[in-house]
file protein-v4.pdb (PDB, C-alpha atoms and all ligand atoms)
MODEL        1
ATOM      1  CA  MET A   1     -31.154   6.411  73.232
ATOM      2  CA  ALA A   2     -27.933   4.936  74.623
ATOM      3  CA  GLY A   3     -28.968   1.568  73.155
ATOM      4  CA  GLU A   4     -29.410   3.174  69.746
ATOM      5  CA  THR A   5     -25.967   4.764  69.948
ATOM      6  CA  ILE A   6     -24.407   1.419  70.774
ATOM      7  CA  GLU A   7     -26.185  -0.166  67.812
ATOM      8  CA  TRP A   8     -24.760   2.485  65.485
ATOM      9  CA  GLU A   9     -21.290   1.967  66.962
ATOM     10  CA  GLN A  10     -21.730  -1.731  66.228
ATOM     11  CA  ARG A  11     -22.841  -1.021  62.661
ATOM     12  CA  PHE A  12     -19.819   1.211  62.152
ATOM     13  CA  HIS A  13     -17.274  -1.314  63.444
ATOM     14  CA  THR A  14     -18.973  -4.236  61.729
ATOM     15  CA  ALA A  15     -19.009  -2.388  58.389
ATOM     16  CA  CYS A  16     -15.259  -1.717  58.727
ATOM     17  CA  ALA A  17     -14.548  -5.387  59.439
ATOM     18  CA  ILE A  18     -16.756  -6.615  56.582
ATOM     19  CA  ALA A  19     -15.241  -4.139  54.104
ATOM     20  CA  ARG A  20     -11.776  -5.458  54.988
ATOM     21  CA  GLU A  21     -12.839  -9.083  54.685
ATOM     22  CA  ALA A  22     -14.543  -8.436  51.331
ATOM     23  CA  GLY A  23     -11.546  -6.457  50.099
ATOM     24  CA  VAL A  24      -9.163  -9.266  50.978
ATOM     25  CA  LEU A  25     -11.326 -11.649  48.932
ATOM     26  CA  ALA A  26     -11.394  -9.248  45.961
ATOM     27  CA  ARG A  27      -7.633  -8.685  46.177
ATOM     28  CA  ARG A  28      -6.869 -12.406  46.215
ATOM     29  CA  ARG A  29      -9.046 -12.960  43.158
ATOM     30  CA  PHE A  30      -7.570  -9.884  41.390
ATOM     31  CA  LEU A  31      -4.035 -11.209  41.855
ATOM     32  CA  ASP A  32      -5.013 -14.547  40.276
ATOM     33  CA  ARG A  33      -6.463 -13.255  37.026
ATOM     34  CA  SER A  34      -7.033 -16.716  35.623
ATOM     35  CA  SER A  35      -9.521 -17.346  38.468
ATOM     36  CA  PHE A  36     -12.340 -15.265  36.946
ATOM     37  CA  SER A  37     -13.908 -14.387  33.644
ATOM     38  CA  VAL A  38     -15.089 -10.991  32.457
ATOM     39  CA  SER A  39     -18.411 -10.170  30.800
ATOM     40  CA  PHE A  40     -20.396  -7.017  30.078
ATOM     41  CA  LYS A  41     -23.760  -5.792  31.406
ATOM     42  CA  GLY A  42     -23.722  -3.226  28.582
ATOM     43  CA  LYS A  43     -21.174  -1.228  26.574
ATOM     44  CA  GLN A  44     -18.260  -0.308  28.889
ATOM     45  CA  ASP A  45     -20.182  -1.820  31.838
ATOM     46  CA  PHE A  46     -17.868  -4.591  33.031
ATOM     47  CA  LEU A  47     -18.901  -7.516  35.206
ATOM     48  CA  THR A  48     -16.766 -10.258  36.746
ATOM     49  CA  GLU A  49     -17.754 -13.270  38.823
ATOM     50  CA  VAL A  50     -15.953 -11.607  41.711
ATOM     51  CA  ASP A  51     -18.513  -8.760  41.903
ATOM     52  CA  GLY A  52     -21.363 -11.147  42.775
ATOM     53  CA  GLU A  53     -19.195 -13.330  45.001
ATOM     54  CA  THR A  54     -18.011 -10.327  47.017
ATOM     55  CA  GLU A  55     -21.534  -8.904  47.325
ATOM     56  CA  ARG A  56     -22.900 -12.227  48.588
ATOM     57  CA  LEU A  57     -20.210 -12.295  51.275
ATOM     58  CA  ILE A  58     -21.063  -8.747  52.403
ATOM     59  CA  ALA A  59     -24.827  -9.390  52.343
ATOM     60  CA  SER A  60     -24.558 -12.570  54.380
ATOM     61  CA  ARG A  61     -22.264 -11.007  56.996
ATOM     62  CA  LEU A  62     -24.612  -8.005  57.377
ATOM     63  CA  ALA A  63     -27.670 -10.257  57.636
ATOM     64  CA  GLU A  64     -25.970 -12.296  60.391
ATOM     65  CA  SER A  65     -25.152  -9.165  62.402
ATOM     66  CA  PHE A  66     -28.243  -7.015  61.699
ATOM     67  CA  PRO A  67     -31.062  -9.299  60.562
ATOM     68  CA  GLY A  68     -33.748  -6.567  60.640
ATOM     69  CA  ASP A  69     -31.849  -4.137  58.386
ATOM     70  CA  GLY A  70     -32.548  -3.662  54.680
ATOM     71  CA  PHE A  71     -29.966  -4.225  51.949
ATOM     72  CA  LEU A  72     -29.430  -2.696  48.514
ATOM     73  CA  GLY A  73     -26.511  -4.015  46.472
ATOM     74  CA  GLU A  74     -25.413  -3.188  42.943
ATOM     75  CA  GLU A  75     -25.408  -6.789  41.798
ATOM     76  CA  GLY A  76     -28.192  -8.530  43.722
ATOM     77  CA  GLY A  77     -30.667  -5.698  44.224
ATOM     78  CA  GLY A  78     -32.628  -5.096  47.400
ATOM     79  CA  VAL A  79     -34.029  -6.866  50.417
ATOM     80  CA  ALA A  80     -36.478  -4.788  52.464
ATOM     81  CA  GLY A  81     -35.778  -4.444  56.171
ATOM     82  CA  ALA A  82     -38.231  -4.076  59.048
ATOM     83  CA  PRO A  83     -40.338  -0.870  58.854
ATOM     84  CA  GLY A  84     -38.131   2.146  59.697
ATOM     85  CA  ALA A  85     -34.996  -0.015  59.783
ATOM     86  CA  PRO A  86     -31.599   1.170  58.522
ATOM     87  CA  LEU A  87     -30.662   0.313  54.933
ATOM     88  CA  TRP A  88     -27.232  -0.904  53.837
ATOM     89  CA  VAL A  89     -26.181   0.307  50.372
ATOM     90  CA  VAL A  90     -23.277  -1.665  48.946
ATOM     91  CA  ASP A  91     -21.016  -1.701  45.926
ATOM     92  CA  PRO A  92     -18.932  -4.881  46.313
ATOM     93  CA  ILE A  93     -16.333  -3.716  43.782
ATOM     94  CA  ASP A  94     -16.306  -0.121  42.647
ATOM     95  CA  GLY A  95     -13.906   0.292  39.768
ATOM     96  CA  THR A  96     -14.866  -2.970  38.070
ATOM     97  CA  SER A  97     -13.426  -1.838  34.704
ATOM     98  CA  ASN A  98     -10.057  -1.423  36.439
ATOM     99  CA  PHE A  99     -10.424  -4.742  38.254
ATOM    100  CA  ALA A 100     -11.310  -6.557  35.027
ATOM    101  CA  ARG A 101      -8.395  -5.117  33.085
ATOM    102  CA  GLY A 102      -5.709  -5.574  35.729
ATOM    103  CA  VAL A 103      -5.536  -1.995  37.027
ATOM    104  CA  PRO A 104      -5.084  -2.080  40.840
ATOM    105  CA  HIS A 105      -7.515   0.776  41.592
ATOM    106  CA  PHE A 106     -10.807  -0.488  42.981
ATOM    107  CA  CYS A 107     -12.539  -0.732  46.344
ATOM    108  CA  VAL A 108     -15.393  -2.058  48.438
ATOM    109  CA  SER A 109     -17.989   0.559  49.376
ATOM    110  CA  ILE A 110     -20.487   0.080  52.226
ATOM    111  CA  ALA A 111     -22.917   2.749  53.417
ATOM    112  CA  CYS A 112     -25.715   2.620  55.950
ATOM    113  CA  ILE A 113     -28.548   5.127  55.856
ATOM    114  CA  LEU A 114     -31.582   5.791  58.005
ATOM    115  CA  GLU A 115     -34.435   7.321  56.017
ATOM    116  CA  ARG A 116     -32.604   9.993  53.989
ATOM    117  CA  GLY A 117     -29.684  10.451  56.353
ATOM    118  CA  MET A 118     -26.256   8.880  55.835
ATOM    119  CA  GLN A 119     -25.061   7.316  59.090
ATOM    120  CA  VAL A 120     -22.059   5.123  58.294
ATOM    121  CA  GLY A 121     -19.716   5.109  55.304
ATOM    122  CA  VAL A 122     -16.796   2.742  54.729
ATOM    123  CA  ILE A 123     -14.548   2.381  51.688
ATOM    124  CA  TYR A 124     -11.677  -0.105  51.575
ATOM    125  CA  ASN A 125      -8.944  -0.130  48.945
ATOM    126  CA  PRO A 126      -7.398  -3.594  49.382
ATOM    127  CA  MET A 127      -4.451  -2.955  47.047
ATOM    128  CA  LEU A 128      -3.142  -0.126  49.254
ATOM    129  CA  ASP A 129      -4.659  -1.465  52.481
ATOM    130  CA  GLU A 130      -6.439   1.865  52.976
ATOM    131  CA  LEU A 131      -9.618   1.897  55.060
ATOM    132  CA  TYR A 132     -11.663   5.088  54.899
ATOM    133  CA  CYS A 133     -14.555   5.307  57.352
ATOM    134  CA  ALA A 134     -17.002   7.846  58.706
ATOM    135  CA  ARG A 135     -19.804   8.048  61.249
ATOM    136  CA  ARG A 136     -22.362  10.784  61.096
ATOM    137  CA  GLY A 137     -21.477  13.557  63.543
ATOM    138  CA  ALA A 138     -18.324  11.796  64.765
ATOM    139  CA  GLY A 139     -15.755  12.330  61.995
ATOM    140  CA  ALA A 140     -13.951  10.551  59.177
ATOM    141  CA  TRP A 141     -10.696   8.606  59.253
ATOM    142  CA  LEU A 142      -8.166   7.045  56.911
ATOM    143  CA  ASN A 143      -6.472   4.080  58.598
ATOM    144  CA  GLY A 144      -7.369   5.574  61.970
ATOM    145  CA  VAL A 145      -6.115   9.106  61.259
ATOM    146  CA  ALA A 146      -8.718  11.902  61.096
ATOM    147  CA  MET A 147      -9.277  13.225  57.569
ATOM    148  CA  ARG A 148      -9.843  16.818  56.461
ATOM    149  CA  VAL A 149     -10.601  17.987  52.940
ATOM    150  CA  ALA A 150      -8.062  20.205  51.159
ATOM    151  CA  GLU A 151      -7.829  23.937  51.880
ATOM    152  CA  THR A 152      -7.626  24.859  48.189
ATOM    153  CA  THR A 153      -9.299  28.152  47.283
ATOM    154  CA  ASP A 154      -7.993  28.698  43.731
ATOM    155  CA  LEU A 155      -9.406  26.565  40.920
ATOM    156  CA  GLY A 156      -6.223  27.333  38.989
ATOM    157  CA  VAL A 157      -4.263  25.005  41.294
ATOM    158  CA  SER A 158      -7.061  22.524  41.962
ATOM    159  CA  ALA A 159      -7.447  18.862  40.975
ATOM    160  CA  VAL A 160     -10.957  17.708  40.059
ATOM    161  CA  GLU A 161     -12.129  14.220  39.150
ATOM    162  CA  ILE A 162     -15.023  13.995  36.707
ATOM    163  CA  GLY A 163     -16.531  10.528  36.689
ATOM    164  CA  TRP A 164     -17.587   8.999  33.392
ATOM    165  CA  ASN A 165     -20.005   6.206  32.562
ATOM    166  CA  ALA A 166     -21.782   5.052  29.426
ATOM    167  CA  ARG A 167     -25.289   5.461  30.870
ATOM    168  CA  TYR A 168     -25.990   8.984  29.567
ATOM    169  CA  GLY A 169     -25.094  11.126  26.556
ATOM    170  CA  GLN A 170     -21.379  11.514  25.966
ATOM    171  CA  HIS A 171     -21.733  15.126  24.834
ATOM    172  CA  LYS A 172     -22.830  16.080  28.366
ATOM    173  CA  TYR A 173     -19.564  14.665  29.719
ATOM    174  CA  VAL A 174     -17.362  16.364  27.153
ATOM    175  CA  GLU A 175     -19.095  19.703  27.757
ATOM    176  CA  LEU A 176     -18.701  19.376  31.541
ATOM    177  CA  VAL A 177     -15.011  18.568  31.174
ATOM    178  CA  GLY A 178     -14.647  21.582  28.867
ATOM    179  CA  ARG A 179     -16.243  23.947  31.383
ATOM    180  CA  VAL A 180     -14.168  22.644  34.303
ATOM    181  CA  VAL A 181     -10.849  22.567  32.452
ATOM    182  CA  ALA A 182     -11.489  26.150  31.264
ATOM    183  CA  THR A 183     -11.208  27.268  34.928
ATOM    184  CA  GLY A 184      -7.612  26.044  35.068
ATOM    185  CA  ALA A 185      -8.462  22.974  37.179
ATOM    186  CA  ALA A 186      -6.504  19.796  36.476
ATOM    187  CA  MET A 187      -8.886  17.006  35.509
ATOM    188  CA  ALA A 188      -8.736  13.285  36.309
ATOM    189  CA  ARG A 189     -10.874  10.225  35.636
ATOM    190  CA  THR A 190      -9.718   7.096  37.395
ATOM    191  CA  GLY A 191     -12.648   4.649  37.032
ATOM    192  CA  SER A 192     -13.741   4.373  40.672
ATOM    193  CA  GLY A 193     -16.250   6.930  41.844
ATOM    194  CA  ALA A 194     -16.051   5.692  45.433
ATOM    195  CA  LEU A 195     -12.274   6.087  45.560
ATOM    196  CA  GLY A 196     -12.598   9.448  43.781
ATOM    197  CA  LEU A 197     -14.799  10.624  46.651
ATOM    198  CA  ALA A 198     -12.498   9.099  49.276
ATOM    199  CA  TYR A 199      -9.620  11.050  47.701
ATOM    200  CA  VAL A 200     -11.577  14.285  48.107
ATOM    201  CA  ALA A 201     -12.271  13.451  51.769
ATOM    202  CA  SER A 202      -8.582  12.805  52.378
ATOM    203  CA  GLY A 203      -7.462  16.022  50.646
ATOM    204  CA  ARG A 204      -5.739  14.249  47.742
ATOM    205  CA  ARG A 205      -8.158  15.869  45.302
ATOM    206  CA  ASP A 206     -10.381  18.936  45.558
ATOM    207  CA  ALA A 207     -13.633  17.773  43.948
ATOM    208  CA  TYR A 208     -15.530  14.874  42.429
ATOM    209  CA  LEU A 209     -18.290  15.490  39.880
ATOM    210  CA  GLU A 210     -20.492  13.174  37.845
ATOM    211  CA  THR A 211     -23.593  13.880  35.749
ATOM    212  CA  HIS A 212     -25.156  10.578  36.857
ATOM    213  CA  ILE A 213     -23.933   8.218  39.559
ATOM    214  CA  ASN A 214     -25.683   5.458  41.514
ATOM    215  CA  SER A 215     -26.284   5.383  45.256
ATOM    216  CA  TRP A 216     -24.016   2.356  45.837
ATOM    217  CA  ASP A 217     -21.130   4.222  44.149
ATOM    218  CA  CYS A 218     -21.364   7.388  46.206
ATOM    219  CA  LEU A 219     -23.197   7.201  49.553
ATOM    220  CA  ALA A 220     -20.221   6.026  51.611
ATOM    221  CA  GLY A 221     -17.931   8.574  49.930
ATOM    222  CA  ASN A 222     -20.470  11.357  50.404
ATOM    223  CA  LEU A 223     -20.477  10.805  54.173
ATOM    224  CA  LEU A 224     -16.655  10.688  54.240
ATOM    225  CA  ILE A 225     -16.540  14.118  52.575
ATOM    226  CA  ALA A 226     -19.265  15.648  54.743
ATOM    227  CA  GLU A 227     -17.521  14.431  57.905
ATOM    228  CA  ALA A 228     -14.128  15.638  56.650
ATOM    229  CA  GLY A 229     -15.460  19.184  56.281
ATOM    230  CA  GLY A 230     -16.351  19.154  52.592
ATOM    231  CA  PHE A 231     -19.474  20.051  50.642
ATOM    232  CA  VAL A 232     -21.695  17.393  49.028
ATOM    233  CA  SER A 233     -24.857  18.029  47.019
ATOM    234  CA  ASN A 234     -28.038  16.492  48.472
ATOM    235  CA  PHE A 235     -27.989  13.183  46.590
ATOM    236  CA  LEU A 236     -30.796  11.600  48.609
ATOM    237  CA  ALA A 237     -33.236  14.517  48.270
ATOM    238  CA  GLY A 238     -35.083  13.053  45.267
ATOM    239  CA  ASP A 239     -34.945   9.469  44.019
ATOM    240  CA  GLY A 240     -31.132   9.215  44.028
ATOM    241  CA  LEU A 241     -31.297   6.122  46.222
ATOM    242  CA  THR A 242     -33.082   4.010  43.617
ATOM    243  CA  LYS A 243     -32.415   5.805  40.336
ATOM    244  CA  GLY A 244     -29.126   7.620  40.899
ATOM    245  CA  GLY A 245     -28.557  11.239  39.931
ATOM    246  CA  PRO A 246     -25.984  14.001  39.521
ATOM    247  CA  LEU A 247     -23.305  14.570  42.148
ATOM    248  CA  PHE A 248     -21.167  17.563  43.110
ATOM    249  CA  ALA A 249     -18.707  17.171  46.010
ATOM    250  CA  CYS A 250     -15.764  19.401  46.866
ATOM    251  CA  ALA A 251     -13.537  21.198  49.322
ATOM    252  CA  PRO A 252     -15.411  24.274  50.608
ATOM    253  CA  GLY A 253     -12.866  26.836  49.359
ATOM    254  CA  ILE A 254     -13.675  26.166  45.693
ATOM    255  CA  LYS A 255     -17.386  25.413  46.055
ATOM    256  CA  ASP A 256     -18.962  28.588  44.691
ATOM    257  CA  ALA A 257     -16.614  29.011  41.732
ATOM    258  CA  LEU A 258     -16.750  25.337  40.751
ATOM    259  CA  LEU A 259     -20.548  25.126  41.104
ATOM    260  CA  ARG A 260     -20.912  28.101  38.739
ATOM    261  CA  ALA A 261     -18.395  26.742  36.242
ATOM    262  CA  ALA A 262     -19.608  23.130  36.264
ATOM    263  CA  ALA A 263     -23.310  24.073  35.975
ATOM    264  CA  ILE A 264     -24.465  20.441  36.367
ATOM    265  CA  ASP A 265     -28.178  19.908  35.620
ATOM    266  CA  GLY A 266     -30.532  18.600  38.301
ATOM    267  CA  LEU A 267     -28.353  19.084  41.397
ATOM    268  CA  VAL A 268     -30.120  19.576  44.729
ATOM    269  CA  LEU A 269     -27.814  21.612  46.950
TER     270      LEU A 269
HETATM  271  C1  LIG B 301     -18.620   2.878  38.187
HETATM  272  C2  LIG B 301     -17.397   3.603  38.660
HETATM  273  C3  LIG B 301     -17.126   4.791  37.776
HETATM  274  C4  LIG B 301     -18.275   5.768  37.825
HETATM  275  C5  LIG B 301     -19.543   5.074  37.387
HETATM  276  C6  LIG B 301     -19.786   3.823  38.203
HETATM  277  P1  LIG B 301     -18.454   0.234  38.779
HETATM  278  O1  LIG B 301     -18.936   1.794  39.046
HETATM  279  O2  LIG B 301     -17.555   4.104  39.957
HETATM  280  O3  LIG B 301     -15.979   5.476  38.192
HETATM  281  O4  LIG B 301     -17.996   6.852  36.978
HETATM  282  O5  LIG B 301     -20.647   5.969  37.550
HETATM  283  O6  LIG B 301     -20.917   3.150  37.684
HETATM  284  O7  LIG B 301     -19.150  -0.184  37.520
HETATM  285  O8  LIG B 301     -16.990   0.269  38.673
HETATM  286  O9  LIG B 301     -18.989  -0.431  39.994
HETATM  287 CA    CA B 302     -19.783   1.307  41.246
HETATM  288 CA    CA B 303     -19.618  -2.215  41.197
ENDMDL
END

call {"tool": "encode", "arguments": {"input": "protein-v4.pdb", "output": "C-alpha cells", "more": "lines below"}}
Ligand code: IPD
Ligand code: CA
Ligand code: CA
result
Amino acid sequence: MAGETIEWEQRFHTACAIAREAGVLARRRFLDRSSFSVSFKGKQDFLTEVDGETERLIASRLAESFPGDGFLGEEGGGVAGAPGAPLWVVDPIDGTSNFARGVPHFCVSIACILERGMQVGVIYNPMLDELYCARRGAGAWLNGVAMRVAETTDLGVSAVEIGWNARYGQHKYVELVGRVVATGAAMARTGSGALGLAYVASGRRDAYLETHINSWDCLAGNLLIAEAGGFVSNFLAGDGLTKGGPLFACAPGIKDALLRAAAIDGLVL
C-alpha cells in the first residue's frame, strides 16, 4: 500500500516536470514562428509539427519513468500498458488553433487514470509559466498555491466558457450558447478546453461546457476542478476515454441552475 502511494507521488511529480519541459519546448517553437509549418487535419482542426514533436517528448519521458504504464496521446494514439496498469492521457498542445495563429493561449495537458478513476492531472501554460496540478484526494494547486473554485451563486454575475469545435453540428453550439446567455451569464470561448477547465479550478471562471470534447482535452482539467471543490460530469462513465463526449463542469453554487439551463444531451452526472 505504502509502495503504491509512493509510486503515485512519483507519477505526480514526474508529470509536473515533464509538463514543464514539454511546455518550454512548445514555447520556444511558438516564439520562432518561422520554425514550423501549419496544416489541417480537417476544417478548423489545426496541426503543427510542434504537436507531434511535443507529444513524442512526453511519451518518451513517461516510458523511461514508468515503462509498464499505458499511453494515449492525441497525435500518436495509444500504447497498451501491462494489465491493470495506469494509463497516461496526453494532449501535447491544447489550443493548437491559437498556437498556429500566434495567440499565446495554449498548454500541455497530462492526465493519469487508473481504470475509470482520475489520479493525476497536470496542465502547464508556458506563456504565463503557470503550472496547475492535482492529485486525487490530495488537492489542486496553481504554482504551489492551493486552488478553490469560485463561490458564485448567481448566474447573472457568472462567467461561463463554452468550448467549440467543428466535429459536431454547429446549430447545437449556437443553441447552447443561446440558452446559457439567456440566464445572464457572460460567455467566453478561448480555444483551449484544458485551460478553460484550469480557469474554472482556479476560480477565474465559473463553468466550462462543451457538447463534445476528447479525453486528452479534459481529463487533467476535470481532476483539477474536482480537487478544487467543483462539480464535473462523469466523463469516463461511458466511452468518453476513446470516443469523447459531452462535458459539464462548474462551481457548485451555480450547478443546478446552469445544468437546467444548458440542458446538454448525453451527460452522465
Ligand atoms: C481543442 C481545444 C478547443 C476545444 C476542442 C479541442 P486542440 O483541442 O481544446 O478549445 O473546444 O474540443 O479539440 O485541437 O487545440 O488540441
Ligand atoms: Ca486538445
Ligand atoms: Ca492538441

call {"tool": "residues_around", "arguments": {"input": "protein-v4.pdb", "residues": "A:Glu9", "least_positions_apart": "2", "cutoff": "12 Å", "atoms": "all atoms listed in the file", "output": "VMD selection string"}}
result
chain A and resid 2 to 7 11 to 16 112 119 to 120 134 to 136 138

call {"tool": "residues_around", "arguments": {"input": "protein-v4.pdb", "residues": "A:Ser39", "least_positions_apart": "6", "cutoff": "10 Å", "atoms": "all atoms listed in the file", "output": "ChimeraX atom specification"}}
result
/A:45-49,100

call {"tool": "residues_around", "arguments": {"input": "protein-v4.pdb", "residues": "A:Pro104", "least_positions_apart": "5", "cutoff": "7 Å", "atoms": "all atoms listed in the file", "output": "MDAnalysis selection string"}}
result
chainID A and resid 98:99 127

call {"tool": "atom_distance", "arguments": {"input": "protein-v4.pdb", "atom1": "atom CA of A:Val200", "atom2": "atom CA of A:Asn222"}}
result
9.6 Å

call {"tool": "axis_aligned_box", "arguments": {"input": "protein-v4.pdb", "around": "stretch 20-27 of chain A", "padding_each_side": "8 Å", "output": "AutoDock Vina command-line options"}}
result
--center_x -11.1 --center_y -8.6 --center_z 50.5 --size_x 22.9 --size_y 22.2 --size_z 25.0

call {"tool": "closest_residue", "arguments": {"input": "protein-v4.pdb", "among": "A:Asp69, A:Glu130, A:Glu151, A:Asp91", "to": "ligand CA 303 (chain B)", "atoms": "only C-alpha atoms and all ligand atoms"}}
result
A:Asp91

call {"tool": "atom_distance", "arguments": {"input": "protein-v4.pdb", "atom1": "atom CA of A:Asp239", "atom2": "atom CA of A:Ser215"}}
result
9.7 Å

call {"tool": "residues_around", "arguments": {"input": "protein-v4.pdb", "residues": "A:Gly68", "least_positions_apart": "4", "cutoff": "12 Å", "atoms": "all atoms listed in the file", "output": "JSON, numbers by chain"}}
result
{"A": [62, 63, 64, 79, 80, 81, 82, 83, 84, 85, 86, 87, 88]}

call {"tool": "atom_distance", "arguments": {"input": "protein-v4.pdb", "atom1": "atom CA of A:Gly245", "atom2": "atom CA of A:Arg20"}}
result
28.1 Å

call {"tool": "closest_residue", "arguments": {"input": "protein-v4.pdb", "among": "A:Ile162, A:Val180, A:Ile93, A:Leu223", "to": "A:Leu259", "atoms": "all atoms listed in the file"}}
result
A:Val180

call {"tool": "residues_around", "arguments": {"input": "protein-v4.pdb", "residues": "A:Ala111", "least_positions_apart": "6", "cutoff": "8 Å", "atoms": "only C-alpha atoms", "output": "PDB file with C-alpha atoms, keeping the file's coordinate frame"}}
result
ATOM      1  CA  TRP A  88     -27.232  -0.904  53.837  1.00  0.00           C
ATOM      2  CA  VAL A  89     -26.181   0.307  50.372  1.00  0.00           C
ATOM      3  CA  VAL A  90     -23.277  -1.665  48.946  1.00  0.00           C
ATOM      4  CA  MET A 118     -26.256   8.880  55.835  1.00  0.00           C
ATOM      5  CA  GLN A 119     -25.061   7.316  59.090  1.00  0.00           C
ATOM      6  CA  VAL A 120     -22.059   5.123  58.294  1.00  0.00           C
ATOM      7  CA  GLY A 121     -19.716   5.109  55.304  1.00  0.00           C
ATOM      8  CA  VAL A 122     -16.796   2.742  54.729  1.00  0.00           C
ATOM      9  CA  TRP A 216     -24.016   2.356  45.837  1.00  0.00           C
ATOM     10  CA  LEU A 219     -23.197   7.201  49.553  1.00  0.00           C
ATOM     11  CA  ALA A 220     -20.221   6.026  51.611  1.00  0.00           C
TER      12      ALA A 220
END

call {"tool": "resolve_selection", "arguments": {"input": "protein-v4.pdb", "expression": "the PyMOL selection byres (((chain A and resi 243) around 10) and not hetatm)", "output": "list in words"}}
result
His212, Ile213, Asn214, Ser215, Gly238, Asp239, Gly240, Leu241, Thr242, Gly244 and Gly245 of chain A

call {"tool": "closest_residue", "arguments": {"input": "protein-v4.pdb", "among": "A:Arg167, A:Arg33, A:Lys43, A:Arg148", "to": "A:Val103", "atoms": "only C-alpha atoms"}}
result
A:Arg33

call {"tool": "resolve_selection", "arguments": {"input": "protein-v4.pdb", "expression": "the PyMOL selection byres (((not hetatm)) within 7 of (chain B and resi 303))", "output": "list in words"}}
result
Asp51, Glu74, Asp91, Pro92, Ile93, Asp94, Gly95 and Thr96 of chain A

call {"tool": "write_last_selection", "arguments": {"input": "protein-v4.pdb", "atoms": "C-alpha atoms", "output": "short mmCIF file (atom, residue, chain, number, x, y, z; two decimals), in the frame of the given file"}}
result
data_model
loop_
_atom_site.label_atom_id
_atom_site.label_comp_id
_atom_site.auth_asym_id
_atom_site.auth_seq_id
_atom_site.Cartn_x
_atom_site.Cartn_y
_atom_site.Cartn_z
CA ASP A 51 -18.51 -8.76 41.90
CA GLU A 74 -25.41 -3.19 42.94
CA ASP A 91 -21.02 -1.70 45.93
CA PRO A 92 -18.93 -4.88 46.31
CA ILE A 93 -16.33 -3.72 43.78
CA ASP A 94 -16.31 -0.12 42.65
CA GLY A 95 -13.91 0.29 39.77
CA THR A 96 -14.87 -2.97 38.07
#

call {"tool": "resolve_selection", "arguments": {"input": "protein-v4.pdb", "expression": "the PyMOL selection byres (((chain A and resi 22) around 9) and not hetatm)", "output": "NGL selection string"}}
result
:A and (17-21 or 23-27 or 54-55 or 57-58 or 92 or 108 or 124 or 126)

call {"tool": "decode", "arguments": {"input": "protein-v4.pdb", "residues": "stretch 32-44 of chain A", "atoms": "N, CA and C atoms", "output": "compact mmCIF listing (two decimals), in the first residue's frame"}}
result
# COMPACT_ATOMS: atom_id res chain seq x y z
N ASP A 32 9.38 31.31 -32.25
CA ASP A 32 10.11 31.35 -33.52
C ASP A 32 9.17 30.80 -34.59
N ARG A 33 8.25 31.64 -35.03
CA ARG A 33 7.15 31.14 -35.87
C ARG A 33 7.61 30.60 -37.22
N SER A 34 8.82 31.03 -37.62
CA SER A 34 9.30 30.51 -38.91
C SER A 34 9.80 29.07 -38.76
N SER A 35 9.85 28.56 -37.51
CA SER A 35 10.43 27.23 -37.29
C SER A 35 9.43 26.09 -37.53
N PHE A 36 8.16 26.42 -37.82
CA PHE A 36 7.21 25.32 -38.04
C PHE A 36 6.17 25.72 -39.08
N SER A 37 5.61 24.69 -39.71
CA SER A 37 4.54 24.95 -40.67
C SER A 37 3.21 24.46 -40.09
N VAL A 38 2.14 24.97 -40.68
CA VAL A 38 0.80 24.69 -40.17
C VAL A 38 0.02 23.93 -41.23
N SER A 39 -0.67 22.87 -40.83
CA SER A 39 -1.56 22.17 -41.76
C SER A 39 -2.89 21.93 -41.05
N PHE A 40 -3.78 21.21 -41.72
CA PHE A 40 -5.11 20.97 -41.14
C PHE A 40 -5.42 19.47 -41.18
N LYS A 41 -5.99 18.96 -40.03
CA LYS A 41 -6.47 17.58 -40.03
C LYS A 41 -7.88 17.55 -40.61
N GLY A 42 -8.56 18.68 -40.58
CA GLY A 42 -9.91 18.83 -41.10
C GLY A 42 -10.22 20.31 -41.01
N LYS A 43 -11.44 20.71 -41.39
CA LYS A 43 -11.82 22.13 -41.30
C LYS A 43 -11.67 22.62 -39.85
N GLN A 44 -10.96 23.70 -39.66
CA GLN A 44 -10.75 24.33 -38.35
C GLN A 44 -10.01 23.41 -37.38
